[in-house]
Structures are given as structure tokens and as C-alpha cells.
Amino acid sequence: MGVIPSEPYNFNRLKELESEFLEQKASIKRYRFWGEKKDKKYTVRLINGEWSCTCNGYAYRGECKHIEMGKEMLSYEEMEDE
Ligand SMILES: [Zn+2]
């Protein structure tokens, strides 16, 4: 990944990379939450099953309430699918 091909373009390989990329895009979910004082926005992401958040709490502890809210929203979405 991230290596510039030194050989003539291999279109099959490019297609493979492209579909990998699209698959990854498809498995990304984003949720936006406002801070308690409504002065900040946080983005919670679920990428390939890994949660992350842009807030300080997540940066320090690796977990936060936004992720908890994201998980809750995800579980509602899953219920709607059924
Ligand atoms: Zn957070």
C-alpha cells in the first residue's frame, strides 16, 4: 500500500485496490455529537469495527460517552433493518 508502481500500470491491481478502498469506505460510519456547552462538535467514527472519537476524553482514555452514544445509535439502526 502506498507504493508507487515502478512497472507499467497494472490495471487489474488498480481495480483490486479500488474495490478494497470502496469496501473500506462502505464500512465507515460517522456520528456527530455536540459538546455539553454546544460549543464543540465531536465526530465518532466506526471504521472496520473500531470506534474512535475526536474528543479529549477519547484521546486520554481511549473511550468516551460519544462512542457509547454512537453504539446506541448503531443498535437502533440495526433494529430498523430487521
Ligand atoms: Zn468522545
# chains A, B, ... in the order shown; residues from 1 in each chain; ligands from 1
call {"tool": "closest_atom_pairs", "arguments": {"of": "chain A", "to": "ligand 1", "cutoff": "12 Å", "atoms": "only C-alpha atoms and all ligand atoms", "output": "JSON lines"}}
result
{"residue": "A:Tyr31", "atom": "CA", "partner": "ligand 1", "partner_atom_place_in_ligand_line": "1 (Zn)", "distance": 10.5}
{"residue": "A:Arg32", "atom": "CA", "partner": "ligand 1", "partner_atom_place_in_ligand_line": "1 (Zn)", "distance": 9.9}
{"residue": "A:Phe33", "atom": "CA", "partner": "ligand 1", "partner_atom_place_in_ligand_line": "1 (Zn)", "distance": 8.4}
{"residue": "A:Trp34", "atom": "CA", "partner": "ligand 1", "partner_atom_place_in_ligand_line": "1 (Zn)", "distance": 9.8}
{"residue": "A:Gly35", "atom": "CA", "partner": "ligand 1", "partner_atom_place_in_ligand_line": "1 (Zn)", "distance": 8.9}
{"residue": "A:Glu36", "atom": "CA", "partner": "ligand 1", "partner_atom_place_in_ligand_line": "1 (Zn)", "distance": 11.3}
{"residue": "A:Lys40", "atom": "CA", "partner": "ligand 1", "partner_atom_place_in_ligand_line": "1 (Zn)", "distance": 10.9}
{"residue": "A:Lys41", "atom": "CA", "partner": "ligand 1", "partner_atom_place_in_ligand_line": "1 (Zn)", "distance": 9.5}
{"residue": "A:Tyr42", "atom": "CA", "partner": "ligand 1", "partner_atom_place_in_ligand_line": "1 (Zn)", "distance": 6.3}
{"residue": "A:Thr43", "atom": "CA", "partner": "ligand 1", "partner_atom_place_in_ligand_line": "1 (Zn)", "distance": 7.5}
{"residue": "A:Val44", "atom": "CA", "partner": "ligand 1", "partner_atom_place_in_ligand_line": "1 (Zn)", "distance": 6.8}
{"residue": "A:Arg45", "atom": "CA", "partner": "ligand 1", "partner_atom_place_in_ligand_line": "1 (Zn)", "distance": 10.0}
{"residue": "A:Trp51", "atom": "CA", "partner": "ligand 1", "partner_atom_place_in_ligand_line": "1 (Zn)", "distance": 10.0}
{"residue": "A:Ser52", "atom": "CA", "partner": "ligand 1", "partner_atom_place_in_ligand_line": "1 (Zn)", "distance": 7.7}
{"residue": "A:Cys53", "atom": "CA", "partner": "ligand 1", "partner_atom_place_in_ligand_line": "1 (Zn)", "distance": 4.7}
{"residue": "A:Thr54", "atom": "CA", "partner": "ligand 1", "partner_atom_place_in_ligand_line": "1 (Zn)", "distance": 5.9}
{"residue": "A:Cys55", "atom": "CA", "partner": "ligand 1", "partner_atom_place_in_ligand_line": "1 (Zn)", "distance": 4.3}
{"residue": "A:Asn56", "atom": "CA", "partner": "ligand 1", "partner_atom_place_in_ligand_line": "1 (Zn)", "distance": 6.9}
{"residue": "A:Gly57", "atom": "CA", "partner": "ligand 1", "partner_atom_place_in_ligand_line": "1 (Zn)", "distance": 5.8}
{"residue": "A:Tyr58", "atom": "CA", "partner": "ligand 1", "partner_atom_place_in_ligand_line": "1 (Zn)", "distance": 5.3}
{"residue": "A:Ala59", "atom": "CA", "partner": "ligand 1", "partner_atom_place_in_ligand_line": "1 (Zn)", "distance": 8.3}
{"residue": "A:Tyr60", "atom": "CA", "partner": "ligand 1", "partner_atom_place_in_ligand_line": "1 (Zn)", "distance": 10.2}
{"residue": "A:Arg61", "atom": "CA", "partner": "ligand 1", "partner_atom_place_in_ligand_line": "1 (Zn)", "distance": 9.9}
{"residue": "A:Gly62", "atom": "CA", "partner": "ligand 1", "partner_atom_place_in_ligand_line": "1 (Zn)", "distance": 8.9}
{"residue": "A:Glu63", "atom": "CA", "partner": "ligand 1", "partner_atom_place_in_ligand_line": "1 (Zn)", "distance": 7.0}
{"residue": "A:Cys64", "atom": "CA", "partner": "ligand 1", "partner_atom_place_in_ligand_line": "1 (Zn)", "distance": 4.6}
{"residue": "A:Lys65", "atom": "CA", "partner": "ligand 1", "partner_atom_place_in_ligand_line": "1 (Zn)", "distance": 5.8}
{"residue": "A:His66", "atom": "CA", "partner": "ligand 1", "partner_atom_place_in_ligand_line": "1 (Zn)", "distance": 4.3}
{"residue": "A:Ile67", "atom": "CA", "partner": "ligand 1", "partner_atom_place_in_ligand_line": "1 (Zn)", "distance": 6.0}
{"residue": "A:Glu68", "atom": "CA", "partner": "ligand 1", "partner_atom_place_in_ligand_line": "1 (Zn)", "distance": 8.6}
{"residue": "A:Met69", "atom": "CA", "partner": "ligand 1", "partner_atom_place_in_ligand_line": "1 (Zn)", "distance": 9.2}
{"residue": "A:Gly70", "atom": "CA", "partner": "ligand 1", "partner_atom_place_in_ligand_line": "1 (Zn)", "distance": 9.5}
{"residue": "A:Lys71", "atom": "CA", "partner": "ligand 1", "partner_atom_place_in_ligand_line": "1 (Zn)", "distance": 11.9}
call {"tool": "write_last_selection", "arguments": {"atoms": "C-alpha atoms", "output": "short mmCIF file (atom, residue, chain, number, x, y, z; two decimals), in the first residue's frame"}}
result
data_model
loop_
_atom_site.label_atom_id
_atom_site.label_comp_id
_atom_site.auth_asym_id
_atom_site.auth_seq_id
_atom_site.Cartn_x
_atom_site.Cartn_y
_atom_site.Cartn_z
CA TYR A 31 -21.83 10.23 14.02
CA ARG A 32 -21.74 13.86 15.05
CA PHE A 33 -22.31 14.95 18.62
CA TRP A 34 -22.32 18.36 20.22
CA GLY A 35 -20.41 19.06 23.41
CA GLU A 36 -22.33 19.76 26.61
CA LYS A 40 -17.89 21.88 20.27
CA LYS A 41 -18.63 19.16 17.81
CA TYR A 42 -17.23 15.68 18.06
CA THR A 43 -17.05 13.11 15.35
CA VAL A 44 -17.36 9.47 16.27
CA ARG A 45 -16.23 7.01 13.66
CA TRP A 51 -14.56 3.06 17.31
CA SER A 52 -12.82 6.38 17.63
CA CYS A 53 -13.76 9.91 18.66
CA THR A 54 -12.24 13.35 18.22
CA CYS A 55 -12.80 14.49 21.82
CA ASN A 56 -10.16 14.86 24.53
CA GLY A 57 -11.70 12.14 26.65
CA TYR A 58 -11.10 9.62 23.94
CA ALA A 59 -7.57 10.92 23.36
CA TYR A 60 -6.74 10.37 27.07
CA ARG A 61 -8.70 7.27 27.94
CA GLY A 62 -9.45 5.60 24.62
CA GLU A 63 -13.14 5.65 25.49
CA CYS A 64 -15.81 8.27 25.93
CA LYS A 65 -19.55 8.84 26.16
CA HIS A 66 -19.77 9.82 22.48
CA ILE A 67 -18.72 6.34 21.48
CA GLU A 68 -21.31 4.95 23.88
CA MET A 69 -23.91 7.12 22.15
CA GLY A 70 -22.66 6.00 18.76
CA LYS A 71 -23.03 2.36 19.77
#
call {"tool": "atom_distance", "arguments": {"atom1": "atom CA of A:Leu74", "atom2": "atom CA of A:Lys38"}}
result
22.6 Å
call {"tool": "select_by_dssp", "arguments": {"residues": "stretch 47-80 of chain A", "states": "alpha helix (DSSP H)", "output": "PyMOL selection string"}}
result
chain A and resi 56-61+65-80
call {"tool": "write_last_selection", "arguments": {"atoms": "N, CA and C atoms", "output": "PDB file, in the first residue's frame"}}
result
ATOM      1  N   ASN A  56     -11.321  15.041  23.663  1.00  0.00           N
ATOM      2  CA  ASN A  56     -10.156  14.856  24.533  1.00  0.00           C
ATOM      3  C   ASN A  56     -10.261  13.606  25.388  1.00  0.00           C
ATOM      4  N   GLY A  57     -11.482  13.322  25.824  1.00  0.00           N
ATOM      5  CA  GLY A  57     -11.697  12.144  26.652  1.00  0.00           C
ATOM      6  C   GLY A  57     -11.215  10.879  25.957  1.00  0.00           C
ATOM      7  N   TYR A  58     -11.540  10.796  24.683  1.00  0.00           N
ATOM      8  CA  TYR A  58     -11.101   9.619  23.935  1.00  0.00           C
ATOM      9  C   TYR A  58      -9.582   9.625  23.783  1.00  0.00           C
ATOM     10  N   ALA A  59      -9.027  10.810  23.544  1.00  0.00           N
ATOM     11  CA  ALA A  59      -7.573  10.919  23.364  1.00  0.00           C
ATOM     12  C   ALA A  59      -6.837  10.447  24.626  1.00  0.00           C
ATOM     13  N   TYR A  60      -7.400  10.749  25.811  1.00  0.00           N
ATOM     14  CA  TYR A  60      -6.744  10.371  27.066  1.00  0.00           C
ATOM     15  C   TYR A  60      -7.025   8.938  27.476  1.00  0.00           C
ATOM     16  N   ARG A  61      -8.302   8.561  27.365  1.00  0.00           N
ATOM     17  CA  ARG A  61      -8.697   7.267  27.941  1.00  0.00           C
ATOM     18  C   ARG A  61      -8.978   6.181  26.916  1.00  0.00           C
ATOM     19  N   LYS A  65     -18.092   8.992  26.224  1.00  0.00           N
ATOM     20  CA  LYS A  65     -19.550   8.841  26.159  1.00  0.00           C
ATOM     21  C   LYS A  65     -20.062   8.969  24.728  1.00  0.00           C
ATOM     22  N   HIS A  66     -19.318   9.675  23.873  1.00  0.00           N
ATOM     23  CA  HIS A  66     -19.773   9.818  22.480  1.00  0.00           C
ATOM     24  C   HIS A  66     -19.790   8.460  21.784  1.00  0.00           C
ATOM     25  N   ILE A  67     -18.771   7.683  22.068  1.00  0.00           N
ATOM     26  CA  ILE A  67     -18.718   6.341  21.476  1.00  0.00           C
ATOM     27  C   ILE A  67     -19.871   5.501  22.012  1.00  0.00           C
ATOM     28  N   GLU A  68     -20.155   5.670  23.306  1.00  0.00           N
ATOM     29  CA  GLU A  68     -21.305   4.946  23.879  1.00  0.00           C
ATOM     30  C   GLU A  68     -22.585   5.339  23.150  1.00  0.00           C
ATOM     31  N   MET A  69     -22.719   6.652  22.863  1.00  0.00           N
ATOM     32  CA  MET A  69     -23.914   7.116  22.151  1.00  0.00           C
ATOM     33  C   MET A  69     -23.927   6.577  20.727  1.00  0.00           C
ATOM     34  N   GLY A  70     -22.757   6.535  20.120  1.00  0.00           N
ATOM     35  CA  GLY A  70     -22.656   6.000  18.764  1.00  0.00           C
ATOM     36  C   GLY A  70     -23.097   4.552  18.719  1.00  0.00           C
ATOM     37  N   LYS A  71     -22.649   3.776  19.714  1.00  0.00           N
ATOM     38  CA  LYS A  71     -23.028   2.358  19.768  1.00  0.00           C
ATOM     39  C   LYS A  71     -24.527   2.207  19.917  1.00  0.00           C
ATOM     40  N   GLU A  72     -25.099   3.100  20.726  1.00  0.00           N
ATOM     41  CA  GLU A  72     -26.541   3.058  20.932  1.00  0.00           C
ATOM     42  C   GLU A  72     -27.271   3.353  19.614  1.00  0.00           C
ATOM     43  N   MET A  73     -26.789   4.377  18.902  1.00  0.00           N
ATOM     44  CA  MET A  73     -27.429   4.729  17.633  1.00  0.00           C
ATOM     45  C   MET A  73     -27.295   3.593  16.629  1.00  0.00           C
ATOM     46  N   LEU A  74     -26.143   2.960  16.636  1.00  0.00           N
ATOM     47  CA  LEU A  74     -25.926   1.840  15.722  1.00  0.00           C
ATOM     48  C   LEU A  74     -26.907   0.711  16.020  1.00  0.00           C
ATOM     49  N   SER A  75     -27.162   0.467  17.310  1.00  0.00           N
ATOM     50  CA  SER A  75     -28.063  -0.634  17.655  1.00  0.00           C
ATOM     51  C   SER A  75     -29.491  -0.306  17.217  1.00  0.00           C
ATOM     52  N   TYR A  76     -29.872   0.983  17.245  1.00  0.00           N
ATOM     53  CA  TYR A  76     -31.201   1.365  16.726  1.00  0.00           C
ATOM     54  C   TYR A  76     -31.257   1.124  15.227  1.00  0.00           C
ATOM     55  N   GLU A  77     -30.172   1.503  14.528  1.00  0.00           N
ATOM     56  CA  GLU A  77     -30.147   1.316  13.075  1.00  0.00           C
ATOM     57  C   GLU A  77     -30.298  -0.163  12.718  1.00  0.00           C
ATOM     58  N   GLU A  78     -29.631  -0.997  13.506  1.00  0.00           N
ATOM     59  CA  GLU A  78     -29.700  -2.432  13.221  1.00  0.00           C
ATOM     60  C   GLU A  78     -31.100  -2.972  13.448  1.00  0.00           C
ATOM     61  N   MET A  79     -31.794  -2.412  14.430  1.00  0.00           N
ATOM     62  CA  MET A  79     -33.156  -2.859  14.676  1.00  0.00           C
ATOM     63  C   MET A  79     -34.069  -2.478  13.507  1.00  0.00           C
ATOM     64  N   GLU A  80     -33.827  -1.282  12.923  1.00  0.00           N
ATOM     65  CA  GLU A  80     -34.649  -0.835  11.804  1.00  0.00           C
ATOM     66  C   GLU A  80     -34.485  -1.741  10.585  1.00  0.00           C
TER      67      GLU A  80
END
call {"tool": "residues_around", "arguments": {"residues": "A:Gly49", "least_positions_apart": "2", "cutoff": "9 Å", "atoms": "only C-alpha atoms", "output": "number ranges by chain"}}
result
A: 27-28, 46-47, 51
call {"tool": "write_last_selection", "arguments": {"atoms": "N, CA and C atoms", "output": "short mmCIF file (atom, residue, chain, number, x, y, z; two decimals), in the first residue's frame"}}
result
data_model
loop_
_atom_site.label_atom_id
_atom_site.label_comp_id
_atom_site.auth_asym_id
_atom_site.auth_seq_id
_atom_site.Cartn_x
_atom_site.Cartn_y
_atom_site.Cartn_z
N SER A 27 -17.62 0.49 5.07
CA SER A 27 -17.73 0.05 6.46
C SER A 27 -17.39 1.17 7.44
N ILE A 28 -17.35 2.41 6.94
CA ILE A 28 -17.13 3.54 7.84
C ILE A 28 -18.47 4.17 8.19
N LEU A 46 -16.81 4.76 13.19
CA LEU A 46 -16.69 3.30 13.30
C LEU A 46 -16.07 2.83 12.00
N ILE A 47 -14.82 2.44 12.08
CA ILE A 47 -14.10 2.01 10.89
C ILE A 47 -13.67 0.56 11.08
N TRP A 51 -13.97 1.76 16.99
CA TRP A 51 -14.56 3.06 17.31
C TRP A 51 -13.47 4.07 17.62
#
call {"tool": "select_by_dssp", "arguments": {"residues": "stretch 13-71 of chain A", "states": "strand (DSSP E or B)", "output": "ChimeraX atom specification"}}
result
/A:28-34,41-47,50-53
call {"tool": "write_last_selection", "arguments": {"atoms": "N, CA and C atoms", "output": "PDB file, in the first residue's frame"}}
result
ATOM      1  N   ILE A  28     -17.349   2.406   6.938  1.00  0.00           N
ATOM      2  CA  ILE A  28     -17.126   3.541   7.840  1.00  0.00           C
ATOM      3  C   ILE A  28     -18.470   4.172   8.185  1.00  0.00           C
ATOM      4  N   LYS A  29     -18.687   4.378   9.474  1.00  0.00           N
ATOM      5  CA  LYS A  29     -19.874   5.108   9.906  1.00  0.00           C
ATOM      6  C   LYS A  29     -19.414   6.324  10.690  1.00  0.00           C
ATOM      7  N   ARG A  30     -20.144   7.407  10.554  1.00  0.00           N
ATOM      8  CA  ARG A  30     -19.795   8.617  11.287  1.00  0.00           C
ATOM      9  C   ARG A  30     -21.009   9.136  12.035  1.00  0.00           C
ATOM     10  N   TYR A  31     -20.773   9.584  13.250  1.00  0.00           N
ATOM     11  CA  TYR A  31     -21.825  10.233  14.024  1.00  0.00           C
ATOM     12  C   TYR A  31     -21.287  11.547  14.555  1.00  0.00           C
ATOM     13  N   ARG A  32     -22.133  12.558  14.533  1.00  0.00           N
ATOM     14  CA  ARG A  32     -21.743  13.864  15.049  1.00  0.00           C
ATOM     15  C   ARG A  32     -22.458  14.125  16.358  1.00  0.00           C
ATOM     16  N   PHE A  33     -21.699  14.581  17.348  1.00  0.00           N
ATOM     17  CA  PHE A  33     -22.309  14.954  18.619  1.00  0.00           C
ATOM     18  C   PHE A  33     -21.816  16.321  19.047  1.00  0.00           C
ATOM     19  N   TRP A  34     -22.715  17.079  19.669  1.00  0.00           N
ATOM     20  CA  TRP A  34     -22.321  18.364  20.222  1.00  0.00           C
ATOM     21  C   TRP A  34     -21.819  18.175  21.643  1.00  0.00           C
ATOM     22  N   LYS A  41     -18.062  20.301  18.508  1.00  0.00           N
ATOM     23  CA  LYS A  41     -18.629  19.158  17.811  1.00  0.00           C
ATOM     24  C   LYS A  41     -17.611  18.031  17.853  1.00  0.00           C
ATOM     25  N   TYR A  42     -18.103  16.844  18.073  1.00  0.00           N
ATOM     26  CA  TYR A  42     -17.227  15.677  18.060  1.00  0.00           C
ATOM     27  C   TYR A  42     -17.673  14.715  16.979  1.00  0.00           C
ATOM     28  N   THR A  43     -16.726  14.095  16.374  1.00  0.00           N
ATOM     29  CA  THR A  43     -17.054  13.114  15.354  1.00  0.00           C
ATOM     30  C   THR A  43     -16.642  11.738  15.840  1.00  0.00           C
ATOM     31  N   VAL A  44     -17.617  10.860  15.904  1.00  0.00           N
ATOM     32  CA  VAL A  44     -17.362   9.473  16.275  1.00  0.00           C
ATOM     33  C   VAL A  44     -17.347   8.652  15.000  1.00  0.00           C
ATOM     34  N   ARG A  45     -16.333   7.834  14.859  1.00  0.00           N
ATOM     35  CA  ARG A  45     -16.228   7.009  13.655  1.00  0.00           C
ATOM     36  C   ARG A  45     -16.168   5.535  14.030  1.00  0.00           C
ATOM     37  N   LEU A  46     -16.809   4.755  13.193  1.00  0.00           N
ATOM     38  CA  LEU A  46     -16.695   3.303  13.301  1.00  0.00           C
ATOM     39  C   LEU A  46     -16.067   2.825  11.999  1.00  0.00           C
ATOM     40  N   ILE A  47     -14.818   2.437  12.085  1.00  0.00           N
ATOM     41  CA  ILE A  47     -14.098   2.006  10.889  1.00  0.00           C
ATOM     42  C   ILE A  47     -13.670   0.560  11.075  1.00  0.00           C
ATOM     43  N   GLU A  50     -13.771  -0.651  14.525  1.00  0.00           N
ATOM     44  CA  GLU A  50     -13.011   0.091  15.535  1.00  0.00           C
ATOM     45  C   GLU A  50     -13.635   1.467  15.742  1.00  0.00           C
ATOM     46  N   TRP A  51     -13.967   1.763  16.991  1.00  0.00           N
ATOM     47  CA  TRP A  51     -14.557   3.060  17.307  1.00  0.00           C
ATOM     48  C   TRP A  51     -13.471   4.069  17.616  1.00  0.00           C
ATOM     49  N   SER A  52     -13.707   5.318  17.211  1.00  0.00           N
ATOM     50  CA  SER A  52     -12.816   6.385  17.634  1.00  0.00           C
ATOM     51  C   SER A  52     -13.619   7.669  17.732  1.00  0.00           C
ATOM     52  N   CYS A  53     -13.070   8.637  18.463  1.00  0.00           N
ATOM     53  CA  CYS A  53     -13.755   9.908  18.661  1.00  0.00           C
ATOM     54  C   CYS A  53     -12.721  11.022  18.658  1.00  0.00           C
TER      55      CYS A  53
END
